[in-house]
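Here is run_2.txt, consisting of compact mmCIF, C-alpha atoms:
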```txt
# COMPACT_ATOMS: atom_id res chain seq x y z
CA MET A 12 81.51 -0.66 -45.75
CA ILE A 13 82.38 2.67 -47.38
CA ALA A 14 79.01 4.07 -46.30
CA LYS A 15 79.67 2.95 -42.72
CA LEU A 16 83.11 4.54 -42.81
CA LYS A 17 81.64 7.79 -44.12
CA SER A 18 79.04 7.75 -41.33
CA LEU A 19 81.74 7.18 -38.73
CA LEU A 20 83.87 10.01 -40.11
CA LEU A 21 80.84 12.32 -40.12
CA LEU A 22 80.05 11.31 -36.57
CA ILE A 23 83.62 11.95 -35.42
CA SER A 24 83.49 15.32 -37.12
CA VAL A 25 80.19 16.17 -35.42
CA LEU A 26 81.53 15.12 -32.03
CA ALA A 27 84.78 17.01 -32.53
CA THR A 28 83.16 20.31 -33.41
CA THR A 29 79.99 20.38 -31.33
CA PRO A 30 79.96 20.94 -27.60
CA LEU A 31 77.62 18.20 -26.36
CA ALA A 32 76.78 19.14 -22.84
CA ALA A 33 74.95 16.72 -20.63
CA HIS A 34 72.34 18.67 -18.80
CA HIS A 35 72.30 22.17 -20.18
CA SER A 36 72.30 24.00 -23.46
CA THR A 37 75.70 24.92 -24.83
CA ALA A 38 74.45 28.33 -25.94
CA MET A 39 76.84 30.09 -23.57
CA PHE A 40 79.85 28.81 -25.50
CA ASP A 41 80.99 30.17 -28.85
CA ASP A 42 81.12 27.12 -31.09
CA GLN A 43 82.72 29.19 -33.86
CA LYS A 44 85.81 29.98 -31.79
CA GLN A 45 88.47 27.97 -30.05
CA ILE A 46 91.00 29.05 -27.47
CA THR A 47 94.12 27.18 -26.41
CA VAL A 48 96.00 27.77 -23.19
CA THR A 49 99.00 26.11 -21.59
CA GLY A 50 99.24 25.83 -17.84
CA VAL A 51 99.31 23.51 -14.88
CA ILE A 52 96.37 21.60 -13.46
CA LYS A 53 94.97 23.21 -10.34
CA GLU A 54 92.09 20.79 -9.74
CA PHE A 55 90.12 18.11 -11.60
CA GLN A 56 86.51 18.28 -10.42
CA TYR A 57 85.33 14.82 -11.46
CA THR A 58 81.59 15.34 -10.96
CA ASN A 59 78.21 14.58 -12.51
CA PRO A 60 76.70 15.77 -14.72
CA HIS A 61 79.78 17.76 -15.81
CA SER A 62 83.42 17.65 -14.87
CA TRP A 63 85.60 20.74 -14.67
CA LEU A 64 89.31 20.87 -15.21
CA LEU A 65 90.81 23.98 -13.58
CA VAL A 66 94.07 25.12 -15.15
CA ASP A 67 96.36 27.86 -13.81
CA VAL A 68 97.78 29.92 -16.64
CA THR A 69 100.73 32.24 -16.07
CA ALA A 70 100.84 35.40 -18.18
CA ALA A 71 103.99 37.10 -19.48
CA ASP A 72 103.88 39.54 -16.56
CA GLY A 73 103.90 36.67 -14.09
CA SER A 74 100.25 36.97 -13.05
CA VAL A 75 98.29 33.74 -12.73
CA SER A 76 94.68 33.28 -13.79
CA THR A 77 92.55 30.17 -13.46
CA TRP A 78 90.65 28.82 -16.46
CA GLY A 79 87.85 26.29 -16.16
CA PHE A 80 87.26 23.71 -18.89
CA GLU A 81 83.94 21.92 -18.83
CA ALA A 82 83.58 18.33 -20.01
CA GLU A 83 81.04 15.55 -19.59
CA GLY A 84 80.67 13.57 -16.39
CA PRO A 85 82.90 10.77 -15.13
CA THR A 86 81.47 7.88 -17.15
CA THR A 87 81.79 9.63 -20.51
CA LEU A 88 85.32 10.68 -19.57
CA MET A 89 86.17 7.09 -18.59
CA ARG A 90 84.90 5.97 -21.99
CA SER A 91 87.34 8.52 -23.46
CA GLY A 92 90.19 7.04 -21.41
CA ILE A 93 90.28 10.00 -19.02
CA ARG A 94 90.25 8.86 -15.40
CA LYS A 95 90.53 11.09 -12.39
CA SER A 96 94.14 9.95 -11.97
CA THR A 97 94.95 10.86 -15.59
CA LEU A 98 95.12 14.54 -14.69
CA PRO A 99 96.94 15.05 -11.39
CA VAL A 100 97.35 18.42 -9.76
CA GLY A 101 100.51 20.15 -11.00
CA ALA A 102 100.68 18.35 -14.37
CA LYS A 103 101.45 20.56 -17.36
CA ILE A 104 98.75 20.65 -20.00
CA THR A 105 97.88 22.41 -23.25
CA ILE A 106 94.11 22.50 -23.57
CA THR A 107 91.67 23.69 -26.21
CA GLY A 108 87.97 24.52 -26.04
CA ASN A 109 85.09 26.71 -27.18
CA PRO A 110 85.24 29.85 -25.00
CA MET A 111 82.40 31.54 -23.15
CA LYS A 112 80.67 34.25 -25.14
CA ASP A 113 80.65 36.60 -22.15
CA GLY A 114 84.42 36.60 -21.78
CA ARG A 115 84.68 34.76 -18.51
CA PRO A 116 87.73 32.44 -18.34
CA ALA A 117 85.92 29.18 -19.10
CA ALA A 118 85.43 26.96 -22.11
CA ALA A 119 83.88 23.73 -23.33
CA TRP A 120 86.85 21.38 -23.40
CA SER A 121 87.41 19.80 -26.81
CA ASN A 122 90.98 18.56 -26.76
CA ALA A 123 94.13 18.49 -24.63
CA ILE A 124 97.75 17.40 -24.84
CA LEU A 125 99.83 16.38 -21.85
CA GLU A 126 103.56 17.06 -21.57
CA ASP A 127 104.34 13.47 -22.67
CA GLY A 128 102.33 13.94 -25.87
CA THR A 129 99.23 12.08 -24.72
CA VAL A 130 96.14 13.47 -26.50
CA LEU A 131 92.87 13.61 -24.56
CA ASN A 132 89.56 14.07 -26.35
CA PRO A 133 86.72 14.06 -23.82
CA ARG A 134 84.03 13.83 -26.52
CA ALA A 135 85.37 10.53 -27.84
CA GLY A 136 83.47 8.91 -25.00
CA PHE A 137 80.21 9.28 -26.89
CA ILE A 138 81.20 6.67 -29.45
CA ALA A 139 79.57 3.41 -28.37
CA ARG A 140 82.09 0.59 -28.71
CA MET B 30 60.10 -46.51 -52.51
CA GLN B 31 60.58 -43.85 -55.15
CA HIS B 32 56.83 -43.13 -55.13
CA SER B 33 56.75 -42.64 -51.36
CA ARG B 34 59.21 -39.71 -51.35
CA PRO B 35 56.82 -37.08 -52.86
CA LEU B 36 54.11 -38.32 -50.55
CA PHE B 37 56.46 -37.91 -47.57
CA PHE B 38 57.25 -34.30 -48.52
CA LEU B 39 53.57 -33.55 -49.07
CA LEU B 40 52.68 -34.93 -45.65
CA ALA B 41 55.57 -33.06 -44.05
CA TRP B 42 54.47 -29.81 -45.68
CA LEU B 43 50.89 -30.33 -44.50
CA CYS B 44 52.17 -30.93 -40.98
CA ILE B 45 54.16 -27.66 -41.08
CA LEU B 46 51.08 -25.78 -42.24
CA ALA B 47 49.06 -27.31 -39.43
CA LEU B 48 51.54 -26.21 -36.75
CA PRO B 49 50.76 -22.98 -34.89
CA PRO B 50 53.10 -20.20 -35.98
CA LEU B 51 55.94 -19.24 -33.67
CA ALA B 52 54.45 -16.94 -31.08
CA TRP B 53 56.61 -13.91 -32.07
CA ALA B 54 56.57 -14.52 -35.81
CA GLN B 55 54.12 -11.66 -36.50
CA LEU B 56 55.80 -8.90 -34.52
CA PRO B 57 58.45 -6.61 -35.99
CA GLY B 58 61.98 -7.93 -35.83
CA ALA B 59 65.03 -5.92 -34.78
CA TYR B 60 65.76 -4.61 -38.26
CA ALA B 61 62.21 -4.25 -39.51
CA ASP B 62 61.78 -1.98 -42.50
CA ARG B 63 61.34 1.67 -41.46
CA ALA B 64 58.68 2.42 -44.07
CA GLU B 65 56.66 -0.59 -42.92
CA MET B 66 56.96 0.49 -39.30
CA ILE B 67 55.74 3.99 -40.17
CA GLU B 68 52.83 2.48 -42.06
CA LEU B 69 52.06 0.16 -39.17
CA GLY B 70 51.71 3.19 -36.93
CA ARG B 71 49.45 4.96 -39.42
CA ARG B 72 47.13 1.93 -39.64
CA HIS B 73 46.29 2.22 -35.95
CA ALA B 74 44.38 5.16 -34.60
CA SER B 75 45.94 5.18 -31.16
CA ALA B 76 48.79 3.73 -29.15
CA GLU B 77 46.25 1.62 -27.33
CA ALA B 78 45.07 0.17 -30.65
CA LEU B 79 48.61 -0.59 -31.83
CA TYR B 80 49.45 -2.25 -28.52
CA ALA B 81 46.24 -4.32 -28.71
CA TYR B 82 47.21 -5.34 -32.25
CA PHE B 83 50.61 -6.55 -31.08
CA ARG B 84 48.95 -8.37 -28.19
CA GLU B 85 46.62 -10.12 -30.58
CA GLN B 86 49.39 -10.96 -33.03
CA ALA B 87 51.50 -12.44 -30.25
CA GLY B 88 48.69 -14.81 -29.27
CA ASP B 89 49.09 -16.87 -26.14
CA THR B 90 52.58 -15.98 -24.99
CA GLN B 91 54.40 -17.78 -22.26
CA PRO B 92 55.29 -15.66 -19.22
CA LEU B 93 58.98 -15.29 -18.51
CA THR B 94 60.56 -17.48 -15.91
CA GLN B 95 63.98 -17.24 -14.32
CA ALA B 96 65.08 -19.86 -16.84
CA THR B 97 63.85 -17.96 -19.88
CA LEU B 98 64.95 -14.41 -19.00
CA PRO B 99 66.69 -12.76 -21.94
CA ASP B 100 70.26 -11.64 -21.34
CA TRP B 101 70.20 -7.84 -21.30
CA SER B 102 73.06 -7.64 -18.81
CA GLY B 103 75.90 -5.18 -19.15
CA ILE B 104 76.10 -1.43 -19.66
CA TYR B 105 74.73 0.05 -22.85
CA SER B 106 74.82 3.39 -24.58
CA LEU B 107 73.09 5.00 -27.52
CA GLN B 108 74.66 4.46 -30.90
CA PHE B 109 75.10 7.96 -32.28
CA THR B 110 74.13 8.68 -35.84
CA ALA B 111 74.84 11.74 -37.93
CA ALA B 112 71.57 13.05 -36.47
CA GLY B 113 73.43 13.69 -33.19
CA LEU B 114 70.97 13.96 -30.34
CA ALA B 115 67.90 14.10 -32.63
CA TYR B 116 64.97 12.07 -31.36
CA ASP B 117 64.57 10.31 -34.70
CA SER B 118 67.87 8.66 -35.57
CA ALA B 119 66.94 8.92 -39.24
CA GLN B 120 66.89 12.73 -39.20
CA LYS B 121 69.31 14.18 -41.75
CA PRO B 122 71.91 16.72 -40.57
CA ASN B 123 70.75 20.34 -40.88
CA GLU B 124 67.16 19.31 -41.58
CA LEU B 125 64.09 19.69 -39.42
CA PRO B 126 62.90 16.73 -37.35
CA THR B 127 60.87 14.16 -39.27
CA ALA B 128 57.69 14.51 -37.19
CA LYS B 129 54.46 15.44 -39.02
CA LEU B 130 53.33 18.23 -36.72
CA VAL B 131 50.10 20.18 -36.45
CA PRO B 132 50.66 23.80 -37.58
CA GLU B 133 50.91 25.30 -34.09
CA TYR B 134 53.64 22.89 -33.01
CA TYR B 135 55.39 23.09 -36.38
CA ASP B 136 55.64 26.88 -36.07
CA LYS B 137 56.92 26.52 -32.54
CA LEU B 138 59.58 24.08 -33.71
CA VAL B 139 60.74 26.35 -36.53
CA GLU B 140 61.02 29.25 -34.08
CA ARG B 141 62.98 27.06 -31.66
CA VAL B 142 65.43 25.98 -34.35
CA GLU B 143 65.90 29.59 -35.50
CA GLN B 144 66.54 30.73 -31.94
CA ILE B 145 69.13 28.01 -31.42
CA LYS B 146 70.94 29.27 -34.51
CA GLN B 147 71.09 32.65 -32.78
CA GLY B 148 72.43 31.08 -29.60
CA ILE B 149 69.16 31.33 -27.69
CA GLU B 150 68.30 28.07 -25.96
CA PHE B 151 67.44 26.77 -22.53
CA ASP B 152 67.11 23.08 -21.69
CA PRO B 153 64.88 22.13 -18.73
CA LEU B 154 67.46 19.49 -17.83
CA GLY B 155 69.53 22.48 -16.71
CA ARG B 156 67.12 22.69 -13.77
CA CYS B 157 67.96 19.04 -13.10
CA GLU B 158 64.65 17.78 -14.46
CA PRO B 159 64.83 14.18 -15.65
CA PRO B 160 64.48 13.69 -19.41
CA GLY B 161 61.45 11.45 -18.88
CA ALA B 162 59.82 9.53 -21.71
CA PRO B 163 60.12 9.68 -24.62
CA ARG B 164 63.08 12.07 -24.47
CA GLY B 165 65.15 9.64 -22.46
CA VAL B 166 65.50 7.26 -25.39
CA SER B 167 67.84 9.67 -27.15
CA GLU B 168 70.13 10.54 -24.25
CA PRO B 169 73.71 9.45 -24.98
CA PHE B 170 74.83 8.26 -21.56
CA LEU B 171 74.88 4.90 -19.76
CA ARG B 172 71.97 2.48 -19.49
CA GLU B 173 71.28 -0.72 -17.62
CA TYR B 174 68.37 -3.13 -17.88
CA ALA B 175 67.05 -5.15 -14.97
CA VAL B 176 64.81 -7.88 -16.34
CA THR B 177 62.65 -10.01 -14.06
CA PRO B 178 59.63 -12.16 -14.92
CA ASP B 179 57.18 -9.60 -13.52
CA LYS B 180 58.81 -6.29 -14.35
CA THR B 181 61.68 -4.74 -16.25
CA TRP B 182 63.54 -1.63 -15.21
CA LEU B 183 65.01 0.63 -17.87
CA ILE B 184 67.72 2.54 -16.02
CA ASN B 185 69.16 5.73 -17.49
CA GLU B 186 72.20 7.49 -16.08
CA VAL B 187 70.67 10.89 -16.79
CA ALA B 188 69.16 12.22 -13.58
CA ALA B 189 69.28 8.68 -12.14
CA GLU B 190 66.03 7.86 -13.87
CA THR B 191 64.30 4.47 -13.92
CA ARG B 192 61.31 3.50 -16.05
CA ARG B 193 59.39 0.56 -14.66
CA ILE B 194 57.64 -1.76 -17.10
CA TYR B 195 55.14 -4.08 -15.42
CA THR B 196 54.74 -7.40 -17.22
CA ASP B 197 52.68 -9.22 -14.62
CA GLY B 198 49.44 -8.82 -16.55
CA ARG B 199 48.18 -5.70 -14.80
CA GLY B 200 46.48 -2.93 -16.74
CA HIS B 201 46.86 0.84 -16.45
CA LEU B 202 45.18 2.80 -13.70
CA PRO B 203 41.53 3.54 -14.51
CA PRO B 204 41.12 6.83 -16.41
CA GLU B 205 39.65 8.69 -13.43
CA ASP B 206 42.77 7.92 -11.35
CA ARG B 207 45.42 8.86 -13.88
CA PHE B 208 47.90 11.72 -13.48
CA PRO B 209 50.82 12.74 -15.69
CA THR B 210 54.44 12.06 -14.69
CA PHE B 211 57.85 12.21 -16.37
CA ASP B 212 57.91 8.48 -17.12
CA GLY B 213 54.20 7.77 -17.15
CA ASP B 214 52.72 4.36 -16.52
CA SER B 215 54.13 1.42 -18.49
CA ILE B 216 52.71 -2.05 -18.88
CA GLY B 217 53.98 -4.72 -21.23
CA PHE B 218 54.32 -8.34 -22.20
CA TRP B 219 57.04 -10.58 -23.52
CA ASP B 220 56.65 -12.15 -26.92
CA GLY B 221 59.55 -14.57 -26.94
CA PRO B 222 62.65 -12.34 -26.89
CA ARG B 223 60.70 -9.12 -27.44
CA LEU B 224 59.40 -6.76 -24.79
CA VAL B 225 56.30 -4.90 -25.97
CA ILE B 226 55.43 -1.78 -23.95
CA HIS B 227 52.50 0.60 -23.74
CA THR B 228 53.04 3.86 -21.86
CA ASN B 229 50.48 6.52 -21.01
CA GLN B 230 50.05 9.18 -18.31
CA LEU B 231 53.08 11.12 -19.51
CA ARG B 232 53.55 14.81 -18.87
CA ALA B 233 54.20 17.33 -21.61
CA GLY B 234 57.81 17.89 -22.59
CA MET B 235 60.34 18.21 -25.36
CA TYR B 236 61.55 15.28 -27.47
CA GLN B 237 65.10 16.61 -27.30
CA ARG B 238 67.00 19.86 -27.81
CA GLY B 239 66.10 21.36 -31.17
CA GLN B 240 63.16 18.99 -31.41
CA PRO B 241 59.37 19.45 -31.10
CA ASP B 242 57.32 19.55 -27.94
CA TYR B 243 54.81 16.88 -26.98
CA SER B 244 51.68 17.24 -24.91
CA ASP B 245 50.49 15.26 -21.91
CA ASP B 246 48.23 13.33 -24.28
CA ILE B 247 51.26 11.51 -25.68
CA GLU B 248 51.29 7.72 -25.48
CA LEU B 249 54.04 5.35 -26.60
CA VAL B 250 54.31 1.84 -27.93
CA GLU B 251 57.75 0.29 -27.89
CA ILE B 252 59.21 -3.06 -28.92
CA MET B 253 62.63 -3.77 -27.44
CA GLN B 254 64.74 -6.75 -28.42
CA LYS B 255 68.31 -7.90 -28.81
CA ALA B 256 69.55 -8.02 -32.39
CA ASP B 257 72.75 -9.79 -31.38
CA GLU B 258 74.80 -10.23 -28.25
CA ARG B 259 75.83 -6.55 -28.07
CA THR B 260 72.97 -4.76 -29.80
CA LEU B 261 69.61 -3.83 -28.36
CA ILE B 262 67.05 -2.31 -30.70
CA SER B 263 63.98 -0.31 -29.76
CA HIS B 264 61.13 0.49 -32.14
CA ILE B 265 59.09 3.40 -30.81
CA TRP B 266 55.78 4.86 -31.94
CA ALA B 267 54.63 8.13 -30.36
CA TYR B 268 50.93 9.02 -30.61
CA ASP B 269 49.96 12.54 -29.63
CA PRO B 270 46.85 13.90 -31.36
CA GLN B 271 47.40 17.37 -29.88
CA THR B 272 50.75 17.82 -31.62
CA LEU B 273 51.15 15.14 -34.30
CA LEU B 274 49.24 14.63 -37.53
CA GLU B 275 50.29 10.98 -37.51
CA PRO B 276 52.28 8.72 -35.19
CA TRP B 277 55.98 9.51 -35.05
CA TYR B 278 58.14 6.41 -35.43
CA THR B 279 61.81 6.03 -34.63
CA MET B 280 64.25 3.22 -34.04
CA LYS B 281 67.02 3.53 -31.50
CA THR B 282 70.10 1.32 -31.26
CA TYR B 283 71.95 0.74 -28.02
CA ILE B 284 75.34 -0.95 -27.86
CA ARG B 285 76.60 -3.01 -24.92
CA LEU B 286 79.88 -1.31 -24.13
CA THR B 287 83.11 -3.23 -23.94
CA ASP B 288 84.46 -2.71 -20.48
CA PRO B 289 87.23 -5.25 -19.91
CA GLU B 290 88.39 -3.60 -16.69
CA ARG B 291 84.78 -3.31 -15.45
CA ILE B 292 85.23 0.34 -14.48
CA LEU B 293 81.95 1.59 -15.92
CA ARG B 294 79.01 2.02 -13.58
CA ILE B 295 76.14 4.39 -13.23
CA HIS B 296 76.78 7.07 -10.64
CA TYR B 297 74.09 9.20 -9.09
CA TRP B 298 73.43 12.31 -11.16
CA TYR B 299 72.83 15.40 -9.06
CA CYS B 300 73.22 18.72 -10.82
CA PHE B 301 74.15 20.76 -7.80
CA ASP B 302 77.10 18.67 -6.58
CA ASN B 303 79.36 21.18 -8.24
CA GLN B 304 78.62 24.89 -8.13
CA ASN B 305 80.26 25.29 -11.54
CA ASN B 306 77.42 23.28 -13.10
CA ASP B 307 74.74 25.71 -11.98
CA VAL B 308 73.05 27.34 -14.97
CA GLN B 309 70.12 29.70 -15.26
CA GLU B 310 67.72 30.83 -17.92
CA GLN B 311 68.20 34.41 -19.11
CA ASP B 312 65.38 36.85 -19.82
CA ASP B 313 65.82 36.30 -23.57
CA GLY B 314 65.52 32.53 -23.20
CA SER B 315 69.23 31.76 -23.43
CA THR B 316 71.42 30.01 -20.89
CA THR B 317 74.38 31.06 -18.84
CA PHE B 318 76.33 29.83 -15.86
CA THR B 319 75.79 31.50 -12.54
CA ASP B 320 78.89 32.30 -10.51
CA PHE B 321 81.91 30.12 -11.08
CA ASN B 322 84.06 29.02 -8.19
CA PHE B 323 87.53 28.31 -9.51
CA ASP B 324 89.26 28.99 -6.17
```
Full structure transcribed into structure tokens:
Amino acid sequence: MIAKLKSLLLLISVLATTPLAAHHSTAMFDDQKQITVTGVIKEFQYTNPHSWLLVDVTAADGSVSTWGFEAEGPTTLMRSGIRKSTLPVGAKITITGNPMKDGRPAAAWSNAILEDGTVLNPRAGFIAR
Amino acid sequence: MQHSRPLFFLLAWLCILALPPLAWAQLPGAYADRAEMIELGRRHASAEALYAYFREQAGDTQPLTQATLPDWSGIYSLQFTAAGLAYDSAQKPNELPTAKLVPEYYDKLVERVEQIKQGIEFDPLGRCEPPGAPRGVSEPFLREYAVTPDKTWLINEVAAETRRIYTDGRGHLPPEDRFPTFDGDSIGFWDGPRLVIHTNQLRAGMYQRGQPDYSDDIELVEIMQKADERTLISHIWAYDPQTLLEPWYTMKTYIRLTDPERILRIHYWYCFDNQNNDVQEQDDGSTTFTDFNFD
């Protein structure tokens, strides 16, 4: 039982820290760094093999930039409890991910918190249950 | 009366000995010992020989009928281990894959692993290639199984791939007509609740990211069976004399997912539905996205 628990904890830790992309290498993301931004949802592209959550982030000077957060496709997101309707356009979100190495405004989505406190972990969908 | 009891047990025991063994009694069970399975692979010189051994051990099996189809319904997914996506679920974290490779392929693997550590990696799936066999067994997405008396379809969400296992007694194509493909040519038979598969005519590929390559000489033997209502186990032996010093064995576990609202289903997987998923290989062998469209 303890061994199983240890395995599960290790697995959760692996899933939480490793970008597991469906159809391509994750070499373009920096798995040693994380960025967090707060903004409003511009669009949720619920597509195979990857989904993209586009978030508009307003800077202190009032300028708006769009960040893209990549996650797995619809079925893995559904297994994580993230449906297309979970993230409507205009909703406020604080989202974390491993950023692109080349500096473009995109990241591998690892975690997010909605305004009501709901936590969304897209990688939790890999746990078979 | 007291004297007849030992005689009764003796006669009963003799009757049991005289009965033919259960048809599937000799084939590996769901949780067969890993060391024994590795040894079983070593004892057979080729996938064809191992498959013939299982065929012989099974004896005269009864073909499936609609009434005797095993229940493999539902949607399944790979049970992750600490090995992550590693082809062999028994691989330890931060260690090399467990395959016994010939020197050329071992060196290639070591170089691949070192490059990944430096962030240099490209996965052919990025070009929307299907994983094929055997790589497909370690993909972590959805699976469905369509079992009929004459054939079984192993359906993988990744790249909308389907492996077809013919269990109607046919053989492989004759050698002069063979050609390599992603999923090869699979024939099989049912031994009670177990599906035994032999696959050849595969094309060269990679077992998984960070894993060795295999050649188009690779052949597979698999035994798939339910361990309980929600667990499907697959024993897999890969034979590839070009790349392996001995057969590479692994066991994969797939769990039937709980889906009380019945929202899970396999959707078509097309990499170019979304421009933001378009990746390309760089000159140094690494991967990057092409142009994003966040407008």
Name the closest residue to His73 of chain B among the candidates B:Cys300, B:Ala267, B:Leu231, B:Leu293; distances are taken between atoms, counting all atoms listed in the file. B:Ala267
Leaving out segment 119-127 of chain B and any residue of its chain fewer than 4 positions from it, which residues lie within 10 Å of it when counting only C-alpha atoms, given as a PyMOL selection string? (chain A and resi 21+25) or (chain B and resi 63+110-115+135+138-139+142+239-241+277-281)
Distance filter 7 Å, only C-alpha atoms, chain A against chain B, as number ranges by chain: A: 18, 21-22, 34-36, 38-39, 58-61, 65, 77, 79, 86, 137-140
Surrounding residues of Arg94 of chain A excluding itself and chain neighbours under 2 positions, 12 Å, only C-alpha atoms, as an NGL selection string: (:A and (55-58 or 62 or 84-92 or 96-99 or 131 or 133 or 136)) or (:B and (292-293))
Output the selection as a PDB file, in the frame of the given file - C-alpha atoms for each residue.
```
ATOM      1  CA  PHE A  55      90.120  18.110 -11.600  1.00  0.00           C
ATOM      2  CA  GLN A  56      86.510  18.280 -10.420  1.00  0.00           C
ATOM      3  CA  TYR A  57      85.330  14.820 -11.460  1.00  0.00           C
ATOM      4  CA  THR A  58      81.590  15.340 -10.960  1.00  0.00           C
ATOM      5  CA  SER A  62      83.420  17.650 -14.870  1.00  0.00           C
ATOM      6  CA  GLY A  84      80.670  13.570 -16.390  1.00  0.00           C
ATOM      7  CA  PRO A  85      82.900  10.770 -15.130  1.00  0.00           C
ATOM      8  CA  THR A  86      81.470   7.880 -17.150  1.00  0.00           C
ATOM      9  CA  THR A  87      81.790   9.630 -20.510  1.00  0.00           C
ATOM     10  CA  LEU A  88      85.320  10.680 -19.570  1.00  0.00           C
ATOM     11  CA  MET A  89      86.170   7.090 -18.590  1.00  0.00           C
ATOM     12  CA  ARG A  90      84.900   5.970 -21.990  1.00  0.00           C
ATOM     13  CA  SER A  91      87.340   8.520 -23.460  1.00  0.00           C
ATOM     14  CA  GLY A  92      90.190   7.040 -21.410  1.00  0.00           C
ATOM     15  CA  SER A  96      94.140   9.950 -11.970  1.00  0.00           C
ATOM     16  CA  THR A  97      94.950  10.860 -15.590  1.00  0.00           C
ATOM     17  CA  LEU A  98      95.120  14.540 -14.690  1.00  0.00           C
ATOM     18  CA  PRO A  99      96.940  15.050 -11.390  1.00  0.00           C
ATOM     19  CA  LEU A 131      92.870  13.610 -24.560  1.00  0.00           C
ATOM     20  CA  PRO A 133      86.720  14.060 -23.820  1.00  0.00           C
ATOM     21  CA  GLY A 136      83.470   8.910 -25.000  1.00  0.00           C
TER      22      GLY A 136
ATOM     23  CA  ILE B 292      85.230   0.340 -14.480  1.00  0.00           C
ATOM     24  CA  LEU B 293      81.950   1.590 -15.920  1.00  0.00           C
TER      25      LEU B 293
END
```
Distance of atom CA of Gly198 of chain B from atom CA of Pro222 of chain B, expressed in Å to one decimal place: 17.1 Å
Please provide the set of residues having any atom within 8 Å of Thr177 of chain B, restricted to all atoms listed in the file, with same-chain residues fewer than 6 positions apart removed, written as a list in words. Leu93, Thr94, Gln95 and Leu98 of chain B
Just the number, please: distance in Å from atom CA of Asn122 of chain A to atom CA of Val51 of chain A, one decimal.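 Answer for the atom CA of Asn122 of chain A to atom CA of Val51 of chain A separation: 15.3 Å.
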Which residues are near Gly161 of chain B? Cut-off 7 Å, all atoms listed in the file, ignore same chain within fewer than 3 positions. Put them as a PyMOL selection string. chain B and resi 164-165+211-212
Go ahead and write the residues just picked, C-alpha atoms, as an mmCIF file, in the frame of the given file.
```cif
data_model
loop_
_atom_site.group_PDB
_atom_site.id
_atom_site.type_symbol
_atom_site.label_atom_id
_atom_site.label_comp_id
_atom_site.auth_asym_id
_atom_site.auth_seq_id
_atom_site.Cartn_x
_atom_site.Cartn_y
_atom_site.Cartn_z
ATOM 1 C CA ARG B 164 63.080 12.070 -24.470
ATOM 2 C CA GLY B 165 65.150 9.640 -22.460
ATOM 3 C CA PHE B 211 57.850 12.210 -16.370
ATOM 4 C CA ASP B 212 57.910 8.480 -17.120
#
```
One decimal, Å: what's the distance from atom CA of Tyr268 of chain B over to atom CA of Gly70 of chain B, could you say?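 Taking atom CA of Tyr268 of chain B and atom CA of Gly70 of chain B, their separation equals 8.6 Å.
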Residues near Thr47 of chain A, cut-off 8 Å, all atoms listed in the file, skip fewer than 3 positions along chain, as a list in words: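 Here the answer would be Thr105, Ile106, Thr107 and Gly108 of chain A.
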I'd like to know which of A:Leu125, A:Ala118, A:Val75, A:Val130 is closest to Lys44 of chain A, using all atoms listed in the file. A:Ala118
Around (54.4, -17.5, -23.4) in the file's own coordinates, what residues are found within 12 Å if you use only C-alpha atoms, given back as number ranges by chain? B: 51-53, 84, 87-94, 97-98, 178, 196, 218-224
Minimum-distance residue to Ile247 of chain B, chosen among B:Ala96, B:Ala76, B:Leu56, B:Ala175 (using all atoms listed in the file): B:Ala76
Counting all atoms listed in the file, the option among A:Ile104, A:Val68, A:Glu81, A:Ile52 closest to Gly128 of chain A: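 Residue with the minimum atom-to-atom distance to Gly128 of chain A: A:Ile104.
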Where is the centre and how long are the edges: axis-aligned box on segment 198-215 of chain B, 4 Å on each side, Å to one decimal, as lines of an AutoDock Vina configuration file:
```
center_x = 48.8
center_y = 2.0
center_z = -14.9
size_x = 26.3
size_y = 29.6
size_z = 15.1
```
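Distances from A:Ile124, A:Glu83, A:Glu54, A:Trp78 to Lys103 of chain A were compared using only C-alpha atoms, and the smallest one belongs to A:Ile124.
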